[in-house]
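Structure first, then comments.
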Amino acid sequence: MLTLGDVSFHAASVPTVDTSLYNLSPAQAAFFKTQTGIDNDEELKRHILEVQAKAYKAKDIVAPYPCIHGFGFLRLNLSNFPVYKHILQLGRERPDAVLLDIGCCCTSNHHFGVDTRKAAADGFPAKNIIASDVVNEFLQLSHELFKTTPASYPGCLLPGDAFDPEFLSIVAPSDDISPAPAIDLSSLKSLNPLHGRISAINAIAFLHLFNEEKQLHVARALAGLLSAQPGSVICGFDTGAHEKGMVTANLSGVEYQSFAHSPETWSSLWDGEVFKKGTVKVETELVEIPVFDRRHLMMRWSVTRL
């Protein structure tokens with residue numbers, strides 16, 4: 001048995017790369033062709049398979065990430081969420097709005113900061129976007145996947161551990177609604193200088209990697225980063241349940257066990273425990289998604305400052 005965060009999994013062996021699972025939707029193909037400059041389908045496939053192989057063998061990885069094995073890292077998740085248009089609006093209309101993608105590489109479906117690249121392509125200022133992950137090698141593979149360099153893509157790639165207080169400490173949610181001055185994200189060594197300054201946080205498929213206690217820890221840490229200005233938002237997409245507790249899922253032939261909240265417990269955690277009751281709007285939706293030949297229960301959620 002190995003672990004990924006606090007998720008335990010059982011497998012006779014780590015699944016090997018299966019190129020037959022590669023299958024881009026028309027929207028994905030158009031996006032990656034535009035971003036990489038590779039117009040030929042076979043050349044694009046070859047390029048993505050090369051990056052996938054490197055990610056699967058990354059030296060810091062001790063677990064078979066289902067999203068790498070099953071090409072989930074190519075999904076355009078955030079842009080399909082109802083809250084996405086609001087996030088883009090914040091980028092257009094709020095001066096110096098910052099978008100943080102937390103756990104952008106270690107998590108289930110947004111390896112290599114794909115969601116933030118899509119947001120930048122759709123108009124959120126790239127210089128105000130942070131993609132952060134504990135695995136620095138994945139962050140660097142983001143440049144390889146998108147054929148960019150730090151000079152050609154000004155977004156901030158910030159390695160760090162969300163449980164290290166030197167990188168991300170827990171502070172009380174801000175109540176200062178005044179606009180924050182601009183900050184040079186390229187100079188960041190941690191997220192702590194951004195307490196109370198981030199307009200939108202994408203935490204898709206991040207919190208479900210952890211047990212109940214650590215999920216609360218991360219929620220409090222993210223709440224401390226969020227701007228108090230009305231409309232500031234945290235969103236995610238995690239394993240869900242009708243009643244909170246341990247759940248089991250089989251992905252890529254590997255059995256995973258993890259802790260999941262219900263919509264009711266998730267809402268009460270954010271509205272009343274993390275934030276003062278009545279200061280945020282919590283929206284949740286349980287959805288079944290196909291994962292190979294199985295159905296997996298997920299919870300789409302957002303927490304918006306009022």
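In the structure tokens, the first chain shown is A, the next is B, and so on; residue numbers restart at 1 for each chain, and ligands run from 1 in the order shown.
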
With a cut-off of 9 Å, could you pull out the residues of region 127-189 of chain A touching region 209-218 of chain A and give me the nearest pair of atoms for each, distance in Å to one decimal, using only C-alpha atoms, ordered by chain and ascending number, as JSON lines?
{"residue": "A:Ala162", "atom": "CA", "partner": "A:Val218", "partner_atom": "CA", "distance": 7.3}
{"residue": "A:Phe163", "atom": "CA", "partner": "A:Val218", "partner_atom": "CA", "distance": 7.6}
{"residue": "A:Ile170", "atom": "CA", "partner": "A:His217", "partner_atom": "CA", "distance": 7.9}

**OP:** Name the residues of region 30-244 of chain A that fall into strand (DSSP E or B) according to DSSP on the backbone, using the chain letters and numbers of this document, as a list of chain:residue names.
**Re:**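 Answer for region 30-244 of chain A, restricted to strand (DSSP E or B): A:Leu99, A:Leu100, A:Asp101, A:Ile102, A:Ile129, A:Ile130, A:Ala131, A:Ser132, A:Asp133, A:Cys156, A:Leu157, A:Leu158, A:Pro159, A:Ile198, A:Ala200, A:Ile201, A:Asn202, A:Leu226, A:Val233, A:Ile234, A:Cys235, A:Gly236, A:Phe237, A:Asp238, A:Thr239, A:Gly240.
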
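CA of His296 (chain A) is positioned 23.6 Å from CA of Pro26 (chain A).
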
Listing only residues of region 208-259 of chain A within 12 Å of region 86-97 of chain A, what is the closest atom pair and its distance in Å (to one decimal) for each, using only C-alpha atoms, sorted by chain and residue number ascending, as CSV?
residue,atom,partner,partner_atom,distance
A:Leu226,CA,A:Ala97,CA,10.9
A:Ser227,CA,A:Ala97,CA,9.4
A:Gln229,CA,A:Arg94,CA,9.8
A:Pro230,CA,A:Leu90,CA,10.7
A:Gly231,CA,A:Leu90,CA,8.2
A:Ser232,CA,A:Leu90,CA,8.2
A:Val233,CA,A:Ile87,CA,7.9
A:Ile234,CA,A:Ile87,CA,9.8
A:Cys235,CA,A:Ile87,CA,10.1

Original post:
So which one's closest to Lys45 (chain A), A:Ile129, A:Leu145, A:Ala203, A:Leu194? Using only C-alpha atoms, please.
Top reply: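 The shortest atom-to-atom distance to Lys45 (chain A) comes from A:Leu145.
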
Original post:
Quick one: of A:Gln28, A:Gln35, A:Ser258, A:Thr265, who's nearest to Leu76 (chain A), counting only C-alpha atoms?
Top reply: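 Selected residue with least distance to Leu76 (chain A): A:Gln28.
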
Which of region 44-271 of chain A counts as helix (DSSP H, G or I) under DSSP, as a short mmCIF file (atom, residue, chain, number, x, y, z; two decimals) with N, CA and C atoms, in the first residue's frame please?
data_model
loop_
_atom_site.label_atom_id
_atom_site.label_comp_id
_atom_site.auth_asym_id
_atom_site.auth_seq_id
_atom_site.Cartn_x
_atom_site.Cartn_y
_atom_site.Cartn_z
N LEU A 44 1.17 16.52 -32.28
CA LEU A 44 0.70 16.96 -30.98
C LEU A 44 0.63 15.78 -30.02
N LYS A 45 0.10 14.66 -30.50
CA LYS A 45 0.03 13.46 -29.66
C LYS A 45 1.42 13.03 -29.22
N ARG A 46 2.37 13.03 -30.14
CA ARG A 46 3.74 12.62 -29.80
C ARG A 46 4.34 13.55 -28.74
N HIS A 47 4.10 14.85 -28.89
CA HIS A 47 4.60 15.83 -27.93
C HIS A 47 4.01 15.59 -26.54
N ILE A 48 2.70 15.38 -26.47
CA ILE A 48 2.03 15.18 -25.19
C ILE A 48 2.48 13.87 -24.55
N LEU A 49 2.65 12.82 -25.35
CA LEU A 49 3.10 11.54 -24.81
C LEU A 49 4.51 11.65 -24.22
N GLU A 50 5.36 12.46 -24.83
CA GLU A 50 6.71 12.66 -24.29
C GLU A 50 6.66 13.34 -22.93
N VAL A 51 5.79 14.34 -22.80
CA VAL A 51 5.66 15.03 -21.52
C VAL A 51 5.05 14.10 -20.48
N GLN A 52 4.04 13.33 -20.88
CA GLN A 52 3.41 12.39 -19.96
C GLN A 52 4.43 11.39 -19.42
N ALA A 53 5.28 10.88 -20.30
CA ALA A 53 6.28 9.89 -19.87
C ALA A 53 7.23 10.49 -18.84
N LYS A 54 7.62 11.75 -19.05
CA LYS A 54 8.51 12.40 -18.08
C LYS A 54 7.80 12.61 -16.75
N ALA A 55 6.53 13.00 -16.80
CA ALA A 55 5.77 13.22 -15.57
C ALA A 55 5.60 11.92 -14.80
N TYR A 56 5.38 10.84 -15.52
CA TYR A 56 5.14 9.55 -14.87
C TYR A 56 6.38 9.04 -14.15
N PRO A 66 -3.61 8.91 -11.12
CA PRO A 66 -4.56 8.46 -12.14
C PRO A 66 -4.66 9.44 -13.30
N CYS A 67 -4.52 10.75 -13.00
CA CYS A 67 -4.69 11.75 -14.04
C CYS A 67 -3.54 11.74 -15.04
N ILE A 68 -2.36 11.32 -14.61
CA ILE A 68 -1.26 11.20 -15.57
C ILE A 68 -1.47 9.95 -16.42
N HIS A 69 -1.79 8.84 -15.75
CA HIS A 69 -1.98 7.58 -16.47
C HIS A 69 -3.12 7.68 -17.47
N GLY A 72 -5.92 12.62 -17.70
CA GLY A 72 -6.80 13.61 -17.10
C GLY A 72 -6.16 14.98 -16.99
N PHE A 73 -4.83 15.02 -17.03
CA PHE A 73 -4.13 16.31 -16.93
C PHE A 73 -4.39 17.22 -18.14
N LEU A 74 -5.02 16.67 -19.17
CA LEU A 74 -5.31 17.47 -20.36
C LEU A 74 -6.70 18.11 -20.31
N LEU A 78 -11.72 24.03 -15.13
CA LEU A 78 -12.24 25.27 -14.58
C LEU A 78 -13.12 26.01 -15.59
N SER A 79 -12.74 25.99 -16.85
CA SER A 79 -13.48 26.75 -17.87
C SER A 79 -14.87 26.19 -18.10
N ASN A 80 -15.15 25.00 -17.59
CA ASN A 80 -16.49 24.42 -17.70
C ASN A 80 -17.33 24.64 -16.45
N TYR A 84 -16.54 30.21 -13.68
CA TYR A 84 -15.40 30.62 -14.52
C TYR A 84 -15.59 32.01 -15.11
N LYS A 85 -16.78 32.30 -15.60
CA LYS A 85 -17.03 33.62 -16.19
C LYS A 85 -16.83 34.72 -15.15
N HIS A 86 -17.22 34.43 -13.92
CA HIS A 86 -17.03 35.40 -12.83
C HIS A 86 -15.55 35.63 -12.57
N ILE A 87 -14.75 34.56 -12.60
CA ILE A 87 -13.31 34.69 -12.38
C ILE A 87 -12.68 35.53 -13.48
N LEU A 88 -13.07 35.30 -14.73
CA LEU A 88 -12.54 36.11 -15.83
C LEU A 88 -12.96 37.57 -15.67
N GLN A 89 -14.17 37.79 -15.18
CA GLN A 89 -14.66 39.16 -14.96
C GLN A 89 -13.82 39.85 -13.89
N LEU A 90 -13.45 39.12 -12.84
CA LEU A 90 -12.57 39.69 -11.82
C LEU A 90 -11.24 40.11 -12.44
N GLY A 91 -10.71 39.27 -13.32
CA GLY A 91 -9.45 39.58 -13.98
C GLY A 91 -9.52 40.81 -14.85
N ARG A 92 -10.70 41.03 -15.45
CA ARG A 92 -10.87 42.19 -16.33
C ARG A 92 -11.15 43.47 -15.55
N GLU A 93 -11.97 43.36 -14.50
CA GLU A 93 -12.53 44.56 -13.89
C GLU A 93 -11.92 44.94 -12.54
N HIS A 111 -3.00 18.93 -13.69
CA HIS A 111 -1.54 18.91 -13.77
C HIS A 111 -1.05 20.03 -14.68
N PHE A 112 0.12 20.49 -14.38
CA PHE A 112 0.84 21.44 -15.24
C PHE A 112 0.13 22.77 -15.42
N GLY A 113 -0.79 23.10 -14.51
CA GLY A 113 -1.43 24.40 -14.56
C GLY A 113 -2.26 24.64 -15.81
N VAL A 114 -2.89 23.59 -16.34
CA VAL A 114 -3.67 23.72 -17.57
C VAL A 114 -4.81 24.73 -17.38
N ASP A 115 -5.46 24.69 -16.21
CA ASP A 115 -6.57 25.62 -15.98
C ASP A 115 -6.12 27.07 -16.03
N THR A 116 -4.94 27.36 -15.47
CA THR A 116 -4.47 28.74 -15.48
C THR A 116 -4.02 29.17 -16.87
N ARG A 117 -3.47 28.26 -17.63
CA ARG A 117 -3.11 28.58 -19.03
C ARG A 117 -4.37 28.93 -19.82
N LYS A 118 -5.44 28.18 -19.57
CA LYS A 118 -6.70 28.46 -20.25
C LYS A 118 -7.24 29.83 -19.82
N ALA A 119 -7.17 30.13 -18.53
CA ALA A 119 -7.64 31.42 -18.03
C ALA A 119 -6.84 32.57 -18.66
N ALA A 120 -5.53 32.38 -18.77
CA ALA A 120 -4.70 33.41 -19.40
C ALA A 120 -5.08 33.59 -20.87
N ALA A 121 -5.33 32.47 -21.55
CA ALA A 121 -5.73 32.55 -22.96
C ALA A 121 -7.06 33.25 -23.12
N ALA A 126 -1.91 37.16 -17.39
CA ALA A 126 -1.00 36.08 -16.99
C ALA A 126 -0.04 36.52 -15.90
N LYS A 127 0.35 37.78 -15.90
CA LYS A 127 1.30 38.26 -14.88
C LYS A 127 0.68 38.25 -13.48
N ASN A 128 -0.64 38.10 -13.41
CA ASN A 128 -1.34 38.06 -12.13
C ASN A 128 -1.85 36.66 -11.79
N ASN A 136 8.02 20.55 -7.84
CA ASN A 136 8.56 21.56 -8.74
C ASN A 136 8.79 21.01 -10.14
N GLU A 137 9.08 19.72 -10.24
CA GLU A 137 9.33 19.12 -11.56
C GLU A 137 8.09 19.23 -12.45
N PHE A 138 6.91 19.09 -11.86
CA PHE A 138 5.68 19.25 -12.64
C PHE A 138 5.53 20.69 -13.13
N LEU A 139 5.87 21.64 -12.28
CA LEU A 139 5.77 23.05 -12.68
C LEU A 139 6.66 23.32 -13.89
N GLN A 140 7.85 22.74 -13.87
CA GLN A 140 8.76 22.95 -15.00
C GLN A 140 8.25 22.23 -16.25
N LEU A 141 7.61 21.08 -16.07
CA LEU A 141 7.04 20.38 -17.22
C LEU A 141 5.88 21.16 -17.85
N SER A 142 5.29 22.08 -17.08
CA SER A 142 4.26 22.95 -17.65
C SER A 142 4.83 23.75 -18.81
N HIS A 143 6.03 24.29 -18.62
CA HIS A 143 6.67 25.02 -19.71
C HIS A 143 6.92 24.10 -20.91
N GLU A 144 7.32 22.86 -20.63
CA GLU A 144 7.60 21.94 -21.73
C GLU A 144 6.31 21.58 -22.48
N LEU A 145 5.23 21.32 -21.72
CA LEU A 145 3.96 20.96 -22.35
C LEU A 145 3.47 22.08 -23.26
N PHE A 146 3.57 23.32 -22.78
CA PHE A 146 3.04 24.46 -23.53
C PHE A 146 4.09 25.15 -24.40
N LEU A 185 4.59 39.42 -8.55
CA LEU A 185 4.50 38.00 -8.22
C LEU A 185 5.80 37.26 -8.51
N SER A 186 6.59 37.76 -9.44
CA SER A 186 7.83 37.07 -9.81
C SER A 186 8.83 37.05 -8.65
N SER A 187 8.64 37.92 -7.66
CA SER A 187 9.56 37.98 -6.53
C SER A 187 9.14 37.08 -5.38
N ASN A 192 2.67 33.60 1.66
CA ASN A 192 2.32 34.41 2.83
C ASN A 192 2.20 35.91 2.57
N PRO A 193 2.98 36.50 1.66
CA PRO A 193 2.79 37.93 1.40
C PRO A 193 1.43 38.26 0.76
N LEU A 194 0.68 37.22 0.38
CA LEU A 194 -0.60 37.44 -0.32
C LEU A 194 -1.81 37.26 0.59
N LEU A 207 -8.20 19.29 -2.25
CA LEU A 207 -8.49 18.99 -0.85
C LEU A 207 -8.83 17.53 -0.62
N HIS A 208 -9.36 16.83 -1.63
CA HIS A 208 -9.74 15.44 -1.39
C HIS A 208 -8.53 14.50 -1.27
N LEU A 209 -7.33 15.05 -1.43
CA LEU A 209 -6.13 14.24 -1.20
C LEU A 209 -5.85 14.03 0.28
N GLU A 212 -9.84 14.42 6.98
CA GLU A 212 -10.78 15.47 7.39
C GLU A 212 -10.07 16.62 8.09
N GLU A 213 -9.16 16.32 8.98
CA GLU A 213 -8.45 17.36 9.73
C GLU A 213 -7.61 18.23 8.81
N LYS A 214 -6.92 17.61 7.86
CA LYS A 214 -6.07 18.39 6.95
C LYS A 214 -6.89 19.18 5.94
N GLN A 215 -8.07 18.66 5.57
CA GLN A 215 -8.95 19.44 4.68
C GLN A 215 -9.36 20.74 5.37
N LEU A 216 -9.66 20.68 6.66
CA LEU A 216 -9.99 21.89 7.40
C LEU A 216 -8.79 22.82 7.48
N HIS A 217 -7.60 22.25 7.67
CA HIS A 217 -6.37 23.06 7.69
C HIS A 217 -6.19 23.83 6.39
N VAL A 218 -6.33 23.11 5.26
CA VAL A 218 -6.15 23.76 3.96
C VAL A 218 -7.23 24.82 3.74
N ALA A 219 -8.47 24.50 4.12
CA ALA A 219 -9.56 25.46 3.96
C ALA A 219 -9.25 26.75 4.71
N ARG A 220 -8.77 26.64 5.94
CA ARG A 220 -8.43 27.83 6.72
C ARG A 220 -7.26 28.59 6.10
N ALA A 221 -6.30 27.86 5.58
CA ALA A 221 -5.15 28.51 4.95
C ALA A 221 -5.58 29.29 3.71
N LEU A 222 -6.44 28.69 2.88
CA LEU A 222 -6.91 29.36 1.67
C LEU A 222 -7.79 30.56 2.02
N ALA A 223 -8.61 30.41 3.07
CA ALA A 223 -9.48 31.51 3.49
C ALA A 223 -8.65 32.73 3.89
N GLY A 224 -7.50 32.50 4.49
CA GLY A 224 -6.63 33.61 4.88
C GLY A 224 -6.02 34.34 3.70
N LEU A 225 -5.92 33.66 2.56
CA LEU A 225 -5.38 34.29 1.35
C LEU A 225 -6.41 35.13 0.62
N PRO A 263 -22.34 17.52 0.74
CA PRO A 263 -22.64 18.94 0.51
C PRO A 263 -22.99 19.68 1.80
N GLU A 264 -23.69 19.03 2.70
CA GLU A 264 -24.11 19.69 3.94
C GLU A 264 -22.91 19.95 4.85
N THR A 265 -22.06 18.96 5.03
CA THR A 265 -20.91 19.17 5.92
C THR A 265 -19.89 20.13 5.31
N TRP A 266 -19.78 20.10 3.98
CA TRP A 266 -18.86 21.01 3.30
C TRP A 266 -19.33 22.45 3.44
N SER A 267 -20.62 22.67 3.28
CA SER A 267 -21.17 24.02 3.41
C SER A 267 -20.99 24.55 4.82
N SER A 268 -21.26 23.71 5.83
CA SER A 268 -21.15 24.18 7.21
C SER A 268 -19.69 24.39 7.61
N LEU A 269 -18.77 23.67 6.98
CA LEU A 269 -17.35 23.87 7.26
C LEU A 269 -16.93 25.28 6.85
N TRP A 270 -17.31 25.68 5.64
CA TRP A 270 -16.89 26.99 5.12
C TRP A 270 -17.70 28.13 5.75
#

**OP:** Compile the contact shell of Phe237 (chain A) as a PyMOL selection string: residues with an atom at most 9 Å away, counting only C-alpha atoms, same-chain residues fewer than 5 positions apart removed.
**Re:** chain A and resi 77+203-208+298-302

Residues as selected, C-alpha atoms, written as a JSON list (two decimals), in the first residue's frame, can you do that?
[["chain", "number", "residue", "atom", "x", "y", "z"],
["A", 77, "ASN", "CA", -11.90, 21.76, -15.94],
["A", 203, "ALA", "CA", -8.41, 24.30, -5.71],
["A", 204, "ILE", "CA", -9.84, 21.69, -8.08],
["A", 205, "ALA", "CA", -9.12, 18.12, -6.93],
["A", 206, "PHE", "CA", -6.75, 19.26, -4.19],
["A", 207, "LEU", "CA", -8.49, 18.99, -0.85],
["A", 208, "HIS", "CA", -9.74, 15.44, -1.39],
["A", 298, "MET", "CA", -17.64, 14.25, -7.26],
["A", 299, "MET", "CA", -18.68, 17.53, -5.65],
["A", 300, "ARG", "CA", -18.37, 20.82, -7.53],
["A", 301, "TRP", "CA", -18.24, 23.73, -5.08],
["A", 302, "SER", "CA", -17.54, 27.42, -4.67]]

Original post:
So which one's closest to Ser169 (chain A), A:Leu191, A:Leu100, A:Ala182, A:Ala27? Using only C-alpha atoms, please.
Top reply: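 Closest residue, counting only C-alpha atoms: A:Leu191.
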
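Reported to one decimal place, the separation of CA of Val98 (chain A) from CA of Arg197 (chain A) is 7.4 Å.
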
**OP:** Figure out the distance between CA of Glu166 (chain A) and CA of Ile130 (chain A), please, to one decimal in Å.
**Re:** 17.5 Å

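Nearest-residue note for Arg305 (chain A): choosing from A:Ala228, A:Ile183, A:Ala241, A:Ile289, the minimum distance belongs to A:Ala228, counting only C-alpha atoms.
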